[in-house]
file coords_25.tsv (TSV, C-alpha atoms)
chain	number	residue	atom	x	y	z
A	12	MET	CA	120.05	79.09	76.63
A	13	ALA	CA	117.97	80.27	73.68
A	14	GLY	CA	115.44	81.86	76.01
A	15	LYS	CA	118.21	83.76	77.77
A	16	ASN	CA	119.58	85.16	74.50
A	17	LEU	CA	116.08	86.19	73.44
A	18	PHE	CA	115.67	88.09	76.70
A	19	ARG	CA	118.90	89.98	76.06
A	20	PHE	CA	117.75	90.81	72.54
A	21	ASP	CA	114.44	92.17	73.81
A	22	SER	CA	116.22	94.21	76.48
A	23	ASN	CA	118.55	95.85	73.96
A	24	LYS	CA	115.64	96.55	71.65
A	25	ARG	CA	113.69	98.17	74.49
A	26	GLN	CA	116.66	100.42	75.42
A	27	LYS	CA	117.07	101.51	71.82
A	28	LYS	CA	113.38	102.32	71.62
A	29	ILE	CA	113.53	104.38	74.85
A	30	LEU	CA	116.60	106.23	73.56
A	31	LYS	CA	114.87	106.90	70.24
A	32	TYR	CA	111.73	108.30	71.86
A	33	SER	CA	113.77	110.38	74.30
A	34	LEU	CA	115.69	111.87	71.40
A	35	ILE	CA	112.47	112.59	69.50
A	36	PHE	CA	110.99	114.22	72.63
A	37	MET	CA	114.05	116.46	73.11
A	38	ILE	CA	114.02	117.49	69.44
A	39	ALA	CA	110.29	118.24	69.64
A	40	LEU	CA	110.82	120.26	72.83
A	41	PHE	CA	113.61	122.26	71.21
A	42	LEU	CA	111.58	122.89	68.06
A	43	GLY	CA	108.57	123.90	70.16
A	44	ALA	CA	110.62	126.44	72.10
A	45	LEU	CA	112.15	127.76	68.87
A	46	ILE	CA	108.74	128.10	67.21
A	47	TYR	CA	107.30	129.82	70.31
A	48	SER	CA	110.13	132.36	70.52
A	49	THR	CA	109.90	133.01	66.77
A	50	ILE	CA	106.13	133.60	66.96
A	51	GLU	CA	106.59	135.90	69.95
A	52	MET	CA	109.28	137.84	68.11
A	53	ILE	CA	107.03	138.20	65.06
A	54	ILE	CA	104.09	139.34	67.18
A	55	ASN	CA	106.17	141.85	69.11
A	56	HIS	CA	108.50	142.98	66.33
A	57	ASP	CA	106.71	146.34	66.14
A	58	LYS	CA	106.52	146.75	69.90
A	59	THR	CA	109.97	148.20	70.44
A	60	ALA	CA	110.57	151.30	72.53
A	61	THR	CA	113.51	153.67	72.25
A	62	ILE	CA	115.28	155.54	75.05
A	63	GLU	CA	117.67	158.36	74.26
A	64	ILE	CA	120.23	158.85	77.03
A	65	LEU	CA	122.28	161.94	77.79
A	66	ILE	CA	123.87	162.23	81.23
A	67	ALA	CA	126.44	164.44	82.92
A	68	PRO	CA	129.07	163.87	84.15
A	69	SER	CA	130.06	161.85	81.12
A	70	ASP	CA	131.69	159.13	83.24
A	71	ALA	CA	128.74	158.61	85.58
A	72	LYS	CA	127.28	155.13	86.00
A	73	VAL	CA	123.85	154.76	84.38
A	74	GLU	CA	121.67	151.78	85.26
A	75	ILE	CA	118.25	150.96	83.83
A	76	ASP	CA	116.71	148.01	85.67
A	77	GLY	CA	120.20	146.98	86.75
A	78	ARG	CA	121.72	147.05	83.25
A	79	THR	CA	124.52	149.54	82.65
A	80	PHE	CA	124.44	151.88	79.64
A	81	PRO	CA	126.71	154.63	78.26
A	82	THR	CA	125.96	158.19	79.34
A	83	LYS	CA	125.36	159.17	75.72
A	84	SER	CA	123.47	156.53	73.74
A	85	THR	CA	120.22	155.47	72.14
A	86	ILE	CA	118.90	152.07	73.14
A	87	LYS	CA	116.09	149.77	72.02
A	88	ILE	CA	114.06	148.17	74.78
A	89	ARG	CA	110.78	146.39	75.40
A	90	PRO	CA	107.91	148.73	76.35
A	91	GLY	CA	107.43	149.18	80.08
A	92	THR	CA	108.41	151.24	83.11
A	93	TYR	CA	112.01	150.89	84.25
A	94	ALA	CA	113.91	151.89	87.37
A	95	VAL	CA	116.75	154.35	86.73
A	96	LYS	CA	119.82	154.94	88.87
A	97	ILE	CA	122.61	157.37	88.04
A	98	GLU	CA	125.60	157.80	90.32
A	99	LYS	CA	129.16	159.02	90.58
A	100	ASP	CA	131.38	159.54	93.62
A	101	GLY	CA	131.15	163.10	94.87
A	102	PHE	CA	127.71	163.71	93.32
A	103	ILE	CA	124.13	163.38	94.52
A	104	SER	CA	122.74	160.16	93.03
A	105	PHE	CA	119.63	160.18	90.88
A	106	ASN	CA	116.96	157.55	91.52
A	107	GLY	CA	113.84	157.56	89.42
A	108	SER	CA	112.01	155.78	86.64
A	109	ILE	CA	111.33	156.10	82.94
A	110	LYS	CA	108.36	154.88	80.92
A	111	ALA	CA	109.12	153.45	77.50
A	112	ASN	CA	106.16	153.28	75.13
A	113	ALA	CA	105.97	151.08	72.04
A	114	ASP	CA	107.10	152.78	68.82
A	115	GLU	CA	107.99	155.96	70.73
A	116	THR	CA	111.18	157.60	71.98
A	117	SER	CA	111.57	158.45	75.66
A	118	TYR	CA	114.31	160.74	76.90
A	119	LEU	CA	116.61	160.24	79.86
A	120	TYR	CA	118.24	163.66	80.22
A	121	GLU	CA	119.79	164.27	83.65
A	122	PHE	CA	122.89	165.85	85.15
A	123	LEU	CA	124.09	165.11	88.66
A	124	ASN	CA	124.69	167.87	91.18
A	125	GLU	CA	127.85	167.96	93.25
A	126	GLU	CA	127.52	166.90	96.89
A	127	ASN	CA	129.67	169.82	97.94
A	128	GLU	CA	127.78	173.05	97.18
A	129	ASN	CA	131.12	174.77	96.65
A	130	GLY	CA	132.36	172.06	94.32
A	131	THR	CA	134.09	173.15	91.14
A	132	TYR	CA	133.75	170.03	88.96
A	133	TYR	CA	131.64	171.65	86.25
A	134	LYS	CA	133.70	174.83	86.38
A	135	ASP	CA	136.87	172.79	85.94
A	136	ASN	CA	135.48	170.46	83.25
A	137	GLU	CA	134.29	172.49	80.30
A	138	GLN	CA	133.00	169.54	78.25
A	139	ASP	CA	130.78	168.26	81.05
A	140	SER	CA	129.68	171.80	81.84
A	141	LEU	CA	128.56	172.21	78.22
A	142	ARG	CA	126.84	168.82	78.37
A	143	ALA	CA	124.98	169.79	81.55
A	144	GLN	CA	123.75	172.97	79.86
A	145	GLN	CA	122.74	170.97	76.78
A	146	ILE	CA	120.74	168.61	79.01
A	147	SER	CA	118.99	171.54	80.66
A	148	ASP	CA	118.13	173.04	77.26
A	149	LYS	CA	116.84	169.70	75.92
A	150	LYS	CA	114.62	169.19	78.95
A	151	ALA	CA	113.20	172.68	78.51
A	152	ASP	CA	112.53	172.02	74.82
A	153	LEU	CA	110.71	168.77	75.63
A	154	PHE	CA	108.63	170.51	78.25
A	155	HIS	CA	107.56	173.22	75.83
A	156	GLU	CA	106.73	170.67	73.14
A	157	ASN	CA	104.46	168.76	75.50
A	158	TYR	CA	102.68	171.75	77.02
A	159	ASN	CA	100.24	173.98	75.20
A	160	GLY	CA	99.94	176.73	77.78
A	161	THR	CA	100.04	180.34	76.61
A	162	ASP	CA	101.38	181.90	79.81
A	163	GLN	CA	104.80	183.53	79.42
A	164	ILE	CA	106.20	181.45	82.29
A	165	TRP	CA	106.15	178.36	80.06
A	166	ASN	CA	108.52	180.10	77.65
A	167	VAL	CA	111.19	180.78	80.28
A	168	THR	CA	110.96	177.65	82.43
A	169	PRO	CA	112.12	175.08	83.25
A	170	TYR	CA	115.45	176.78	83.77
A	171	ASP	CA	118.42	175.19	85.50
A	172	ASP	CA	121.56	177.19	86.25
A	173	TYR	CA	123.74	175.23	88.63
A	174	ALA	CA	126.54	177.78	88.45
A	175	SER	CA	124.18	180.53	89.65
A	176	GLY	CA	122.78	178.27	92.35
A	177	TYR	CA	119.16	177.67	91.39
A	178	LYS	CA	116.68	175.96	89.10
A	179	ILE	CA	113.13	177.05	88.30
A	180	TRP	CA	110.13	175.17	86.97
A	181	ALA	CA	106.42	175.92	86.82
A	182	GLU	CA	103.37	173.76	87.27
A	183	LYS	CA	99.62	174.15	87.37
A	184	GLY	CA	97.90	173.52	90.65
A	185	SER	CA	94.96	174.38	92.81
A	186	ASN	CA	94.63	178.09	93.52
A	187	GLU	CA	94.15	177.78	97.27
A	188	SER	CA	94.85	181.45	97.84
A	189	ASN	CA	92.44	182.47	95.07
A	190	LEU	CA	95.07	184.75	93.57
A	191	PRO	CA	94.43	186.41	90.20
A	192	SER	CA	95.94	184.75	87.16
A	193	VAL	CA	98.20	186.56	84.71
A	194	SER	CA	95.13	187.65	82.76
A	195	GLY	CA	93.72	189.27	85.90
A	196	ASN	CA	90.92	186.74	86.36
A	197	THR	CA	90.49	184.43	89.32
A	198	ASN	CA	91.52	181.01	88.11
A	199	SER	CA	91.42	177.59	89.75
A	200	ASP	CA	94.47	176.61	87.69
A	201	GLN	CA	96.83	178.97	89.50
A	202	ILE	CA	100.40	178.50	88.31
A	203	THR	CA	103.04	177.71	90.91
A	204	ILE	CA	106.66	178.68	90.31
A	205	ASN	CA	109.03	176.29	92.07
A	206	ILE	CA	112.51	177.56	92.88
A	207	TYR	CA	115.09	175.06	94.07
A	208	LEU	CA	118.23	176.57	95.60
A	209	TYR	CA	121.46	174.62	95.31
A	210	THR	CA	122.62	175.15	98.88
A	211	CYS	CA	122.36	173.57	102.30
A	212	SER	CA	123.52	176.73	104.04
A	213	ASP	CA	120.96	179.17	105.44
A	214	ASP	CA	123.48	181.98	104.97
A	215	ARG	CA	123.26	181.69	101.17
A	216	LEU	CA	119.49	181.31	100.83
A	217	ALA	CA	118.63	185.01	100.63
A	218	LYS	CA	121.26	185.69	97.99
A	219	LEU	CA	120.23	182.77	95.80
A	220	LYS	CA	116.53	183.62	96.14
A	221	GLN	CA	117.25	187.09	94.89
A	222	SER	CA	119.27	185.75	91.97
A	223	ALA	CA	116.36	183.55	90.93
A	224	LEU	CA	113.89	186.42	91.24
A	225	ASP	CA	116.21	188.64	89.19
A	226	TYR	CA	116.12	186.03	86.42
A	227	LEU	CA	112.32	186.03	86.41
A	228	GLU	CA	112.24	189.82	86.40
A	229	GLU	CA	114.62	189.90	83.42
A	230	LYS	CA	112.17	187.62	81.59
A	231	LYS	CA	109.27	190.02	82.32
A	232	ILE	CA	107.58	187.63	84.75
A	233	LYS	CA	105.36	189.38	87.31
A	234	ILE	CA	105.82	187.13	90.30
A	235	GLU	CA	102.83	188.64	92.12
A	236	ASN	CA	100.61	186.73	89.69
A	237	TYR	CA	101.97	183.36	90.80
A	238	THR	CA	102.44	181.21	93.86
A	239	ILE	CA	106.15	180.97	94.65
A	240	LYS	CA	107.55	177.92	96.43
A	241	TYR	CA	111.18	177.65	97.56
A	242	SER	CA	113.09	174.52	98.48
A	243	ASN	CA	116.68	173.46	99.02
A	244	CYS	CA	118.68	170.51	100.28
A	245	SER	CA	118.17	171.26	103.97
call {"tool": "encode", "arguments": {"input": "coords_25.tsv", "output": "C-alpha cells"}}
result
Amino acid sequence: MAGKNLFRFDSNKRQKKILKYSLIFMIALFLGALIYSTIEMIINHDKTATIEILIAPSDAKVEIDGRTFPTKSTIKIRPGTYAVKIEKDGFISFNGSIKANADETSYLYEFLNEENENGTYYKDNEQDSLRAQQISDKKADLFHENYNGTDQIWNVTPYDDYASGYKIWAEKGSNESNLPSVSGNTNSDQITINIYLYTCSDDRLAKLKQSALDYLEEKKIKIENYTIKYSNCS
C-alpha cells in the first residue's frame, strides 16, 4: 500500500513539474516575441514612408495593396512598392503602383475619367470638378519640381483639361526622325509631345486635336520642333 501511495505522489509531482516548465516555456516564448518586435520597431522607427492621397471623385474607392483609404488623406506606411486601385461606378478604373521611400513623401494624385465621353459628372459636381483641377495642377507642379529641363514645353505641360477633351504631356526620347530641337540643333534627346484625346468616337478626333494644338499655340509652342503623338480610347 505504501508503494502505491508513493507512486501517486511521484506522478503528481511529475505533472506539476511538466506544467511548471510548460508555463515557463510559454512565458519565455511570449517575452522573446515581444523583445523581437520591440527591437524591430526600434531598428525601423526611422524607416517610415508617407503617401499623400488626393483623388477625384471624392467618393471613389481607393485601395493600396488591398487596404482602403480616404480619397483625401496622408498615411504612414512601410517603405516599398504598392499596388494601387481606384474605382467608382461609371468611371474608368485606375490600376497602377506607387513607390514609397523611407523618410520621403510620395504623392497619389489621380482623378478618374467618366466612362461615357459625354458624361456630365464633373460639370454637375462643382466640388469634384475643382478637386480634379487641383489634382491636375499638383501633378504639373511635381513634374516641374523633378525636371530640370529648360525647354518651354516643360513649363506648360503636363496639362489635363477633361472638359475640353484632351490632356498633354511631354517626354524625352530617341530622335528617330533626326528632327531639329527647339534650339535649332540636331539632338538625340528629341522631345515628344503626347496628346491624349478623351473620346472613343472618330468623328470628334479632328476637333479635339485642333483644340489641343490651339492650346500649344497659345503657349508659344512651335510644334514643328517636336514629335507629336496622338492617342485615345479606341
call {"tool": "axis_aligned_box", "arguments": {"input": "coords_25.tsv", "around": "range 164-179 of chain A", "padding_each_side": "8 Å", "output": "AutoDock Vina command-line options"}}
result
--center_x 116.3 --center_y 178.3 --center_z 85.0 --size_x 36.4 --size_y 22.4 --size_z 30.7
call {"tool": "closest_residue", "arguments": {"input": "coords_25.tsv", "among": "A:Lys240, A:Lys220, A:His155, A:Lys110", "to": "Leu208 in chain A", "atoms": "only C-alpha atoms"}}
result
A:Lys220
call {"tool": "atom_distance", "arguments": {"input": "coords_25.tsv", "atom1": "CA of Thr210 in chain A", "atom2": "CA of Lys83 in chain A"}}
result
28.3 Å
call {"tool": "closest_residue", "arguments": {"input": "coords_25.tsv", "among": "A:Glu156, A:Asp76, A:Asp100, A:Glu63", "to": "Glu121 in chain A", "atoms": "all atoms listed in the file"}}
result
A:Glu63
call {"tool": "closest_residue", "arguments": {"input": "coords_25.tsv", "among": "A:Tyr118, A:Ser212, A:Tyr133, A:Glu182", "to": "Ile239 in chain A", "atoms": "only C-alpha atoms"}}
result
A:Glu182
call {"tool": "atom_distance", "arguments": {"input": "coords_25.tsv", "atom1": "CA of Lys231 in chain A", "atom2": "CA of Ser147 in chain A"}}
result
20.9 Å
call {"tool": "atom_distance", "arguments": {"input": "coords_25.tsv", "atom1": "CA of Ile146 in chain A", "atom2": "CA of Leu119 in chain A"}}
result
9.4 Å
call {"tool": "closest_residue", "arguments": {"input": "coords_25.tsv", "among": "A:Asn205, A:Asn243, A:Ser175, A:Thr131", "to": "Asp225 in chain A", "atoms": "only C-alpha atoms"}}
result
A:Ser175
call {"tool": "residues_around", "arguments": {"input": "coords_25.tsv", "residues": "Glu115 in chain A", "least_positions_apart": "6", "cutoff": "12 Å", "atoms": "all atoms listed in the file", "output": "VMD selection string"}}
result
chain A and resid 57 to 63 86 to 91
call {"tool": "residues_around", "arguments": {"input": "coords_25.tsv", "residues": "Asn124 in chain A", "least_positions_apart": "5", "cutoff": "9 Å", "atoms": "all atoms listed in the file", "output": "ChimeraX atom specification"}}
result
/A:101-104,173,209
call {"tool": "closest_residue", "arguments": {"input": "coords_25.tsv", "among": "A:Tyr207, A:Gly77, A:Phe105, A:Ile38", "to": "Glu126 in chain A", "atoms": "all atoms listed in the file"}}
result
A:Phe105
call {"tool": "closest_residue", "arguments": {"input": "coords_25.tsv", "among": "A:Ala113, A:Cys244, A:Ile179, A:Leu34", "to": "Leu216 in chain A", "atoms": "all atoms listed in the file"}}
result
A:Cys244
